[in-house]
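To start, the structure itself, in structure tokens.
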Amino acid sequence: MRKKLISLLLSGTMLLLVLVGFTSSSLAADAVTSSGNPIVTSIFTADPSAHVWNDGRIYVYASHDIFPSRGSDLMDKYHVFSSDNMVDWVDEGEILRADDVPWGRPEGGFMWAPDAAYKDGTYYFYFPHPSGTNWNNSWKIGVATSDKPAADFTAQGYIEGLPGSNLIDPSVFRDDDGSYYLYAGGGGTSYGVKLAADMMSISGPIKQFTELEDFHEATWVFKRGSIYYLMYSDNNPGANRMRYATSNSPLGPWVNRGIILDPVKNSETSHGSIVEYKGNWYMFYHNAEISSNGTLRSVCVDRLYFNPDGTIQKVIQTSEGVPSVGPRSNATEVKYYDLVNESFDEYTEKTEYAMNSNNVAIGGGAIRSGGNIENMHAEGSYIQLNGINGGTGGKALLTVLYASGDSGAAFKADASGDPAGDGYFLSLPSTGGWGSYTGRTNRLIDLNPGTNNMIRLSGGMGGANVSRVSVSLIPEDTQETEYFMDGNHVSFGGGATRSGGSIENMHIPGSYFELSGVNGGAGGQALLTVLYASADNEATFRVNASGDLSGIGYSLSLPGTGGWSAYTGRVSRLIQLNPGTNNVIRMNGGLGGANVSRLIVSSIPQS
């Protein structure tokens with residue numbers, strides 16, 4: 001297929017592709033009206049704490065499961081996500097990490113389930129973190145503050161006077177009278193206490209809630225009408241459930257009401273929050289739907305319903321998520337069901353790499369056996385492909401063919417064009433045996449323009465023997481960009497002049513004109529076409545272009561057209577351009593005359 005671009009007059013317009021899998025603008029244009037679950041797919045997240053602030057957006061403060069999986073002990077940073085319609089979610093970015101906590105454990109890690117509160121123009125972020133190497137007996141509830149809900153948080157210290165053992169998962173609740181309460185606990189012990197006016201110290205005695213049935217961790221407190229609700233995770237073996245209790249006081253006593261969330265998919269832990277937004281009630285929770293690994297979790301959301309007597313109906317976990325409560329808006333999070341159901345039919349320009357190819361390197365314990373790469377279960381093992389063609393840059397389809405006797409193996413894929421730098425998760429379900437090469441897993445990745453891209457597959461999360469890797473692009477249409485001689489990016493000299501939109505006097509020795517900002521796409525061959533008029537029998541231009549490897553330029557013959565105003569001449573030749581939009585093409589005259597009206601640069605699709 002051949003596609004012509006409308007004349008750009010050298011405007012330098014550029015389309016930027018962002019994020020994994022899709023762009024936010026393309027999502028905003030479709031008709032999807034449900035959030036999909038999980039709602040966060042760019043990184044692994046857990047322990048969602050949801051709040052609605054005065055700006056009308058809903059914010060989710062989440063912990064971050066580090067990928068490749070290093071276990072929950074090494075969680076060390078927090079992100080915030082926000083939405084104005086429950087469908088389009090924005091990753092507001094990282095707000096705090098272990099390195100930012102001066103009083104924290106020297107080894108870092110252990111940044112577990114957080115919460116947030118707002119009072120008198122200040123946002124308070126509460127997080128559990130140990131202060132010593134002996135982490136289990138040195139827990140503190142840290143406090144960071146900001147004048148923004150999702151940026152510029154600074155660690156201020158920790159709340160004095162709290163128990164040091166099993167004190168995790170803080171939850172902060174604001175009562176109708178403006179007083180605030182802190183709840184925390186783990187390992188079977190649950191606490192609550194009133195906060196002082198400074199939001200960083202306690203006011204009054206600490207209350208232990210011994211009446212809660214099978215309490216484990218993950219406290220969340222909210223109020224509806226006159227009823228106080230306390231939700232928490234229980235000790236159900238192998239897969240925690242969320243239970244709740246009610247009271248007529250923020251510090252109990254509590255009446256146990258039962259289970260409201262069954263075990264989540266592929267994760268032993270359970271943790272969540274309940275919030276009202278735009279007239280609906282929601283439960284946020286996490287599962288391991290994407291990773292099948294209980295230490296690589298993802299935030300989800302579903303509707304929550306109350307019975308007439310104030311008790312809560314059990315939440316139904318769905319893949320569809322929740323309906324939109326507002327018009328489409330910008331988002332940076334791809335819906336999971338879009339991610340897994342995306343059609344890759346357009347990615348037909350495939351390059352396949354055997355594992356004994358010259359551009360395939362291995363290390364970290366990985367070995368080559370019979371043309372396959374094995375031992376990818378070893379920590380630090382990797383496969384690296386070099387010299388990968390990214391075309392014009394943007395999305396590419398990575399496909400790995402493999403065999404695996406493990407269940408739930410995964411690779412981390414790093415690629416040169418990854419805008420976030422966090423890598424991509426690549427799931428490798430079991431094929432039933434190490435010699436059963438029936439596995440085929442895909443992932444959209446980002447590549448830079450040109451042929452110098454790198455793709456690295458890191459193992460250490462279960463085993464998979466790899467037989468082949470392929471990288472597929474959407475074939476480029478031949479694209480013509482037309483440049484008029486009165487454009488801003490055209491300069492001239494040496495006696496050449498501009499008249500009526502054309503460059504004239506190119507017969508003068510030393511005359512030239514130059515185009516800057518020429519788009520070379522992925523780099524390589526391009527077709528240069530000159531439209532002109534000439535009363536000479538033949539003129540010759542010397543052409544120089546940014547990508548010319550020889551440095552001597554190209555010769556271009558321009559036969560006469562019968563007159564200086566007869567703009568019927570059209571000649572073409574192949575030239576070399578560099579990748580990107582910063583190319584320069586220079587036409588040097590002095591060997592016969594030709595008045596030039598336009599240049600056309602056409603990309604040449606790669607075979």
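Please note that chains go A, B, ... in the order of the structure tokens, that every chain numbers its residues from 1, and that ligands are numbered from 1 in the order shown.
Surrounding segment 446-451 of chain A within 7 Å are A:Gly387, A:Ile388, A:Asn389, A:Gly390, A:Gly391, A:Thr392, A:Gly393, A:Gly394, A:Lys395, A:Ala396, A:Ala415, A:Ser416, A:Gly417, A:Asp418, A:Ala522, A:Gly523, A:Pro579, with only C-alpha atoms counted and residues fewer than 3 positions along the same chain left out.
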Go ahead and write the selection's residues with N, CA and C atoms as a tab-separated table (two decimals), in the first residue's frame.
```tsv
chain	number	residue	atom	x	y	z
A	387	GLY	N	21.45	-5.58	17.80
A	387	GLY	CA	21.27	-5.20	16.41
A	387	GLY	C	19.87	-5.43	15.89
A	388	ILE	N	18.88	-5.20	16.75
A	388	ILE	CA	17.48	-5.42	16.38
A	388	ILE	C	16.94	-4.21	15.64
A	389	ASN	N	16.23	-4.46	14.54
A	389	ASN	CA	15.65	-3.38	13.74
A	389	ASN	C	14.34	-2.93	14.36
A	390	GLY	N	14.27	-1.66	14.75
A	390	GLY	CA	13.04	-1.10	15.31
A	390	GLY	C	12.22	-0.33	14.31
A	391	GLY	N	12.60	-0.39	13.01
A	391	GLY	CA	11.87	0.36	11.99
A	391	GLY	C	11.92	1.85	12.30
A	392	THR	N	10.77	2.47	12.28
A	392	THR	CA	10.69	3.90	12.59
A	392	THR	C	10.55	4.17	14.08
A	393	GLY	N	10.61	3.08	14.89
A	393	GLY	CA	10.48	3.23	16.33
A	393	GLY	C	9.05	3.05	16.79
A	394	GLY	N	8.88	2.74	18.07
A	394	GLY	CA	7.54	2.53	18.62
A	394	GLY	C	7.31	1.07	18.94
A	395	LYS	N	6.08	0.61	18.73
A	395	LYS	CA	5.69	-0.72	19.16
A	395	LYS	C	6.25	-1.82	18.26
A	396	ALA	N	6.66	-2.91	18.90
A	396	ALA	CA	7.07	-4.13	18.21
A	396	ALA	C	6.53	-5.31	18.99
A	415	ALA	N	14.06	-3.56	26.72
A	415	ALA	CA	14.22	-3.18	25.33
A	415	ALA	C	14.70	-1.74	25.24
A	416	SER	N	15.44	-1.46	24.17
A	416	SER	CA	16.08	-0.14	24.04
A	416	SER	C	15.10	1.02	24.13
A	417	GLY	N	13.89	0.85	23.62
A	417	GLY	CA	12.96	1.97	23.54
A	417	GLY	C	11.97	2.07	24.68
A	418	ASP	N	12.15	1.28	25.74
A	418	ASP	CA	11.21	1.29	26.86
A	418	ASP	C	11.14	2.68	27.48
A	522	ALA	N	13.42	5.33	9.80
A	522	ALA	CA	14.32	4.41	10.51
A	522	ALA	C	15.74	4.50	10.01
A	523	GLY	N	15.98	5.36	9.01
A	523	GLY	CA	17.32	5.48	8.44
A	523	GLY	C	17.51	4.53	7.27
A	579	PRO	N	18.55	7.88	10.78
A	579	PRO	CA	17.26	7.77	11.46
A	579	PRO	C	16.85	9.12	12.05
```
>> Neighbouring residues of Ser407 of chain A were defined as those with any atom within 10 Å, considering only C-alpha atoms; residues of the same chain fewer than 4 positions away were excluded. Please report them as a PyMOL selection string.
In response: chain A and resi 292-293+428-432+462-464
Closest atom pairs, residues of segment 39-155 of chain A within 6 Å of segment 166-180 of chain A, only C-alpha atoms, as JSON lines:
```
{"residue": "A:Ala113", "atom": "CA", "partner": "A:Asp169", "partner_atom": "CA", "distance": 5.0}
{"residue": "A:Asp115", "atom": "CA", "partner": "A:Ser171", "partner_atom": "CA", "distance": 5.5}
{"residue": "A:Pro128", "atom": "CA", "partner": "A:Ile168", "partner_atom": "CA", "distance": 5.3}
{"residue": "A:Trp139", "atom": "CA", "partner": "A:Leu167", "partner_atom": "CA", "distance": 5.8}
```
Write the selection just made, keeping N, CA, C and O atoms, as a CSV table (one decimal), in the first residue's frame?
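What follows is the written file selection_32.csv:
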```csv
chain,number,residue,atom,x,y,z
A,113,ALA,N,2.1,-2.0,53.0
A,113,ALA,CA,0.8,-1.3,52.7
A,113,ALA,C,0.7,0.1,53.3
A,113,ALA,O,0.9,0.2,54.5
A,115,ASP,N,-1.2,4.2,53.6
A,115,ASP,CA,-2.5,4.9,53.6
A,115,ASP,C,-2.2,6.4,53.5
A,115,ASP,O,-1.0,6.9,53.6
A,128,PRO,N,4.4,1.8,56.7
A,128,PRO,CA,5.1,1.0,57.7
A,128,PRO,C,6.5,0.8,57.2
A,128,PRO,O,6.8,0.5,56.0
A,139,TRP,N,9.4,-2.2,63.7
A,139,TRP,CA,8.4,-1.5,62.8
A,139,TRP,C,8.1,-0.1,63.4
A,139,TRP,O,7.9,0.1,64.6
```
Distance query Lys148 of chain A at most 8 Å, only C-alpha atoms, self and fewer than 5 positions along chain excluded, as a short mmCIF file (atom, residue, chain, number, x, y, z; two decimals) with C-alpha atoms, in the first residue's frame:
```cif
data_model
loop_
_atom_site.label_atom_id
_atom_site.label_comp_id
_atom_site.auth_asym_id
_atom_site.auth_seq_id
_atom_site.Cartn_x
_atom_site.Cartn_y
_atom_site.Cartn_z
CA THR A 122 -1.59 19.15 53.85
CA TYR A 123 -1.60 15.59 52.55
CA PHE A 153 6.23 14.11 49.59
#
```
> Using only C-alpha atoms, which of A:Phe127, A:Tyr277, A:Trp89, A:Tyr337 sits nearest Trp53 of chain A?
Replying inline: A:Tyr277
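Compared by their closest atoms to Val301 of chain A, and using only C-alpha atoms, the residues A:Val469, A:Ala361, A:Val60, A:Val143 rank with A:Val60 nearest.
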>> Which residue is closest to Gly433 of chain A? Choose from A:Gly405, A:Gly487, A:Gly521, A:Gly161 and count only C-alpha atoms.
In response: A:Gly405
>> Run DSSP on the backbone and tell me which residues of segment 207-420 of chain A come out as alpha helix (DSSP H); list them as a VMD selection string.
In response: chain A and resid 336 to 341
> Which one of A:Asn287, A:Asn582, A:Thr219, A:Asn595 sits closest to Gly569 of chain A if you count only C-alpha atoms?
Replying inline: A:Asn595
> Restricting the calculation to only C-alpha atoms, which member of A:Ala545, A:Val601, A:Ala566, A:Val315 is positioned closest to Phe484 of chain A?
Replying inline: A:Val601
>> Applying 9 Å and only C-alpha atoms, which residues near Ser557 of chain A remain after dropping the ones on its own chain fewer than 2 positions away? List them as an NGL selection string.
In response: :A and (538-542 or 555 or 559 or 571)
Those same residues - C-alpha atoms - I'd like them written as an mmCIF file, in the first residue's frame.
```
data_model
loop_
_atom_site.group_PDB
_atom_site.id
_atom_site.type_symbol
_atom_site.label_atom_id
_atom_site.label_comp_id
_atom_site.auth_asym_id
_atom_site.auth_seq_id
_atom_site.Cartn_x
_atom_site.Cartn_y
_atom_site.Cartn_z
ATOM 1 C CA GLU A 538 21.098 19.262 -19.198
ATOM 2 C CA ALA A 539 22.115 20.421 -15.749
ATOM 3 C CA THR A 540 23.891 18.495 -13.026
ATOM 4 C CA PHE A 541 23.465 18.909 -9.271
ATOM 5 C CA ARG A 542 25.742 17.459 -6.618
ATOM 6 C CA SER A 555 25.334 13.128 -8.849
ATOM 7 C CA PRO A 559 17.452 17.040 -18.546
ATOM 8 C CA VAL A 571 14.106 13.242 -11.630
#
```
>> Ranking A:Ser502, A:Ser298, A:Ser458, A:Ser511 by minimum distance to Ser381 of chain A and counting only C-alpha atoms, which one comes first?
In response: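 Under the stated criterion, the closest residue is A:Ser458.
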